[in-house]
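Only one structure is covered here, and it is reproduced in the block below.
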Amino acid sequence: MAQPRFLNQPPASTLVDVATMAQAHLVDASRGSQRITGIASLAEAGPIHLTFFDNGKFAAELRSTLAGACLISERFEAAVPAHVAVLRSADPLRAFIRVATELNGDALRPRSWFGIVGIAASAVVHPTARLEDGVVVDPLAVIGPGVEIGADTVIGSGVIIGANVRIGRGCSIGPASSIQFALIGNNVVLQSGCHIGQDGYGFAFGPDVAMKLPHGGRVLIQNDVEAGAGTSINRGSLRDTVIGEGSKIDNQVRIGHDASIGRFCRLGAQSGVAGSATLGDRVDLGTASQVRSHVRIGDRVKVVPASVIDHDISADRLLPQATGVAQSDPAGEELN
């Protein structure tokens, strides 16, 4: 059985072309015609691959790599084996991403799983819904009354979109997701199985009864947000739940009702933000960390993995200070 290809095979590129893509300097110009047909890690790369190095932790892999070319800073280029072409860059990772985007751009944003153009025959679109040109709706998706969806947005198979939801342009809504009570900006990616706009855990508990607080608010997701598979974002009760512009949310993250996430935040996998908590801009919440209800975290705070934050935190802090986990800088290590 032949192995299938899930993405388009990129064309071979010369090192001159790769250097242009990466905005890097090819140290040995005589190797400019050498061909590169793919990208790979230091350990997995072969002579046809481009790789990169930006972390001293992988010094041994750099010395033994079989890659055809490596993006690396001037500081470390002397450690590159002689058979590997050196592409000098002040920021090797970003340079590598530029090349990867050129070569594998079709993997950057989820598209139709079925190669659909337009609306699949088995999709259900309410007659009052408004879809701009270029919207793709995969099989078995359901789009409710009054929904508006912007151009070049992809709605995956089995997605359910409730009444009056607004979704901007250039978005991707992954299969088996559900969206209600939500306004979503442009270039938003929701991976498979995201659930947006459901009730939160809002109850007043007594000895014999739990009174449920009505959730009359919304979820507001601003431009350029991405949420990983299985993420759950509850709608607001007393105020809207807000996800700020450019924030990136890993898989299986839970965000409670009335929570506010600032701009350009990063939330690691399995982290949780409880109801009415507030994160400032550029907060970095480590994997499996938890922020409790009504806690306020200032701008640019970094929380190391598996932390529990149960009190307000001022801006520009690293938590917990004693561990030092997030303070290490492997890229600064010397190569021995």
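Chain labels run A, B, ... following the order of the structure tokens; each chain numbers its residues from 1, and ligands are numbered from 1 in the order shown.
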Q: Show which residues sit within 12 Å of Phe52 in chain A, as a count of residues only. Count only C-alpha atoms, and ignore same-chain residues fewer than 5 positions away.
A: 41
**Q.** Shell around Ser177 in chain A at 12 Å using only C-alpha atoms, local window under 6 positions removed, as a count of residues only
**A.** 29
Q: From a DSSP calculation on the backbone, collect every residue of range 24-214 of chain A in strand (DSSP E or B) and output the set as an NGL selection string.
A: :A and (25-26 or 35-36 or 38-39 or 49-52 or 69-72 or 85-88 or 119 or 124-125 or 130-131 or 136-137 or 142-143 or 148-149 or 154-155 or 160-161 or 166-167 or 172-173 or 178-179 or 182-184 or 189-190 or 195-196 or 203-205 or 210-212)
Prev. selection, C-alpha atoms, output as a PDB file, in the first residue's frame:
```pdb
ATOM      1  CA  HIS A  25      22.589  34.996   4.768  1.00  0.00           C
ATOM      2  CA  LEU A  26      24.055  31.967   2.987  1.00  0.00           C
ATOM      3  CA  ARG A  35      18.604  21.753  -3.592  1.00  0.00           C
ATOM      4  CA  ILE A  36      16.352  21.598  -0.545  1.00  0.00           C
ATOM      5  CA  GLY A  38      11.753  19.805   2.796  1.00  0.00           C
ATOM      6  CA  ILE A  39      12.208  20.765   6.432  1.00  0.00           C
ATOM      7  CA  HIS A  49      16.307  19.023   4.430  1.00  0.00           C
ATOM      8  CA  LEU A  50      16.597  22.429   6.035  1.00  0.00           C
ATOM      9  CA  THR A  51      16.772  22.490   9.835  1.00  0.00           C
ATOM     10  CA  PHE A  52      17.472  25.115  12.496  1.00  0.00           C
ATOM     11  CA  ALA A  69      21.414  23.212   5.582  1.00  0.00           C
ATOM     12  CA  CYS A  70      20.892  24.802   8.989  1.00  0.00           C
ATOM     13  CA  LEU A  71      19.576  28.184  10.072  1.00  0.00           C
ATOM     14  CA  ILE A  72      21.689  29.332  12.998  1.00  0.00           C
ATOM     15  CA  ALA A  85      25.378  24.618   4.647  1.00  0.00           C
ATOM     16  CA  VAL A  86      25.091  27.515   7.083  1.00  0.00           C
ATOM     17  CA  LEU A  87      22.294  30.053   6.786  1.00  0.00           C
ATOM     18  CA  ARG A  88      23.043  32.822   9.236  1.00  0.00           C
ATOM     19  CA  ILE A 119     -21.699  24.423   0.598  1.00  0.00           C
ATOM     20  CA  VAL A 124     -28.105  22.543   6.649  1.00  0.00           C
ATOM     21  CA  VAL A 125     -28.078  26.327   6.246  1.00  0.00           C
ATOM     22  CA  ARG A 130     -25.976  35.210   5.366  1.00  0.00           C
ATOM     23  CA  LEU A 131     -22.759  33.751   3.973  1.00  0.00           C
ATOM     24  CA  VAL A 136     -16.940  26.644   2.649  1.00  0.00           C
ATOM     25  CA  VAL A 137     -19.387  24.481   4.597  1.00  0.00           C
ATOM     26  CA  VAL A 142     -25.756  23.068  10.668  1.00  0.00           C
ATOM     27  CA  ILE A 143     -25.976  26.859  10.462  1.00  0.00           C
ATOM     28  CA  GLU A 148     -23.520  35.802   9.440  1.00  0.00           C
ATOM     29  CA  ILE A 149     -20.245  34.327   8.162  1.00  0.00           C
ATOM     30  CA  VAL A 154     -14.338  27.271   6.505  1.00  0.00           C
ATOM     31  CA  ILE A 155     -17.028  25.552   8.582  1.00  0.00           C
ATOM     32  CA  ILE A 160     -23.398  23.498  14.867  1.00  0.00           C
ATOM     33  CA  ILE A 161     -23.741  27.281  14.819  1.00  0.00           C
ATOM     34  CA  ARG A 166     -21.364  36.309  13.835  1.00  0.00           C
ATOM     35  CA  ILE A 167     -18.141  34.859  12.396  1.00  0.00           C
ATOM     36  CA  SER A 172     -11.616  28.102  10.351  1.00  0.00           C
ATOM     37  CA  ILE A 173     -14.125  26.307  12.561  1.00  0.00           C
ATOM     38  CA  SER A 178     -20.442  24.164  18.538  1.00  0.00           C
ATOM     39  CA  ILE A 179     -20.885  27.919  18.723  1.00  0.00           C
ATOM     40  CA  ALA A 182     -20.822  34.467  20.187  1.00  0.00           C
ATOM     41  CA  LEU A 183     -19.290  37.212  18.076  1.00  0.00           C
ATOM     42  CA  ILE A 184     -16.067  36.079  16.398  1.00  0.00           C
ATOM     43  CA  VAL A 189      -9.045  29.381  14.157  1.00  0.00           C
ATOM     44  CA  LEU A 190     -11.058  27.027  16.338  1.00  0.00           C
ATOM     45  CA  HIS A 195     -17.394  24.501  22.354  1.00  0.00           C
ATOM     46  CA  ILE A 196     -18.093  28.201  22.521  1.00  0.00           C
ATOM     47  CA  PHE A 203     -24.950  28.314  40.870  1.00  0.00           C
ATOM     48  CA  ALA A 204     -25.963  29.463  44.341  1.00  0.00           C
ATOM     49  CA  PHE A 205     -25.795  26.291  46.410  1.00  0.00           C
ATOM     50  CA  ALA A 210     -28.819  24.771  43.672  1.00  0.00           C
ATOM     51  CA  MET A 211     -30.168  27.951  42.102  1.00  0.00           C
ATOM     52  CA  LYS A 212     -28.773  28.502  38.631  1.00  0.00           C
TER      53      LYS A 212
END
```
Q) Which parts of range 70-123 of chain A does DSSP call alpha helix (DSSP H) when run on the backbone here, written out as an MDAnalysis selection string? A) chainID A and resid 92:103
(Q) Restricting the calculation to only C-alpha atoms: of A:Val188, A:Val27, A:Leu279, A:Leu213, which residue gets closest to Glu245 in chain A? (A)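 Selected residue with least distance to Glu245 in chain A: A:Val188.
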Q: With a distance cut-off of 10 Å and only C-alpha atoms, select the neighbouring residues of Val225 in chain A, excluding the residue or stretch itself and same-chain residues fewer than 2 positions from it, and output the selection as a PyMOL selection string.
A: chain A and resi 171+184-190+221-223+227+243-249+263-265
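As for CA of Asp106 in chain A and CA of Asn8 in chain A, they are spaced 7.3 Å apart.
Put simply, CA of Leu15 in chain A is 22.4 Å away from CA of Ala107 in chain A.
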Q: Would you work out the distance separating CA of Thr37 in chain A from CA of Phe53 in chain A, expressed in Å to one decimal?
A: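 Result for CA of Thr37 in chain A versus CA of Phe53 in chain A: 18.6 Å, one decimal.
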Q. So, counting only C-alpha atoms, which residue among A:Pro11, A:Ala129, A:Phe181, A:His311 is closest to Gly146 in chain A?
A.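 Among the listed residues, A:Ala129 lies closest to Gly146 in chain A.
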Q. Using only C-alpha atoms, which residue out of A:Gly168, A:Pro81, A:Pro10, A:Pro175 lies closest to Asn104 in chain A?
A.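 Nearest candidate to Asn104 in chain A out of A:Gly168, A:Pro81, A:Pro10, A:Pro175: A:Pro10.
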Q | Residues within 6 Å of Arg292 in chain A, only C-alpha atoms, excluding chain neighbours under 2 positions, as JSON, numbers by chain | A | {"A": [274, 295, 310]}
Q | Shortest interatomic distance to Leu238 in chain A - which of A:Leu108, A:Leu7, A:Leu220, A:Ala259, counting only C-alpha atoms | A |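 Going through A:Leu108, A:Leu7, A:Leu220, A:Ala259 one by one, the smallest distance to Leu238 in chain A is for A:Ala259.
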Q) Do you know which residues are at most 6 Å from Arg235 in chain A counting only C-alpha atoms, after dropping those on the same chain fewer than 3 positions away, and could you put them as a ChimeraX atom specification? A) /A:197-198,217-219,241,257
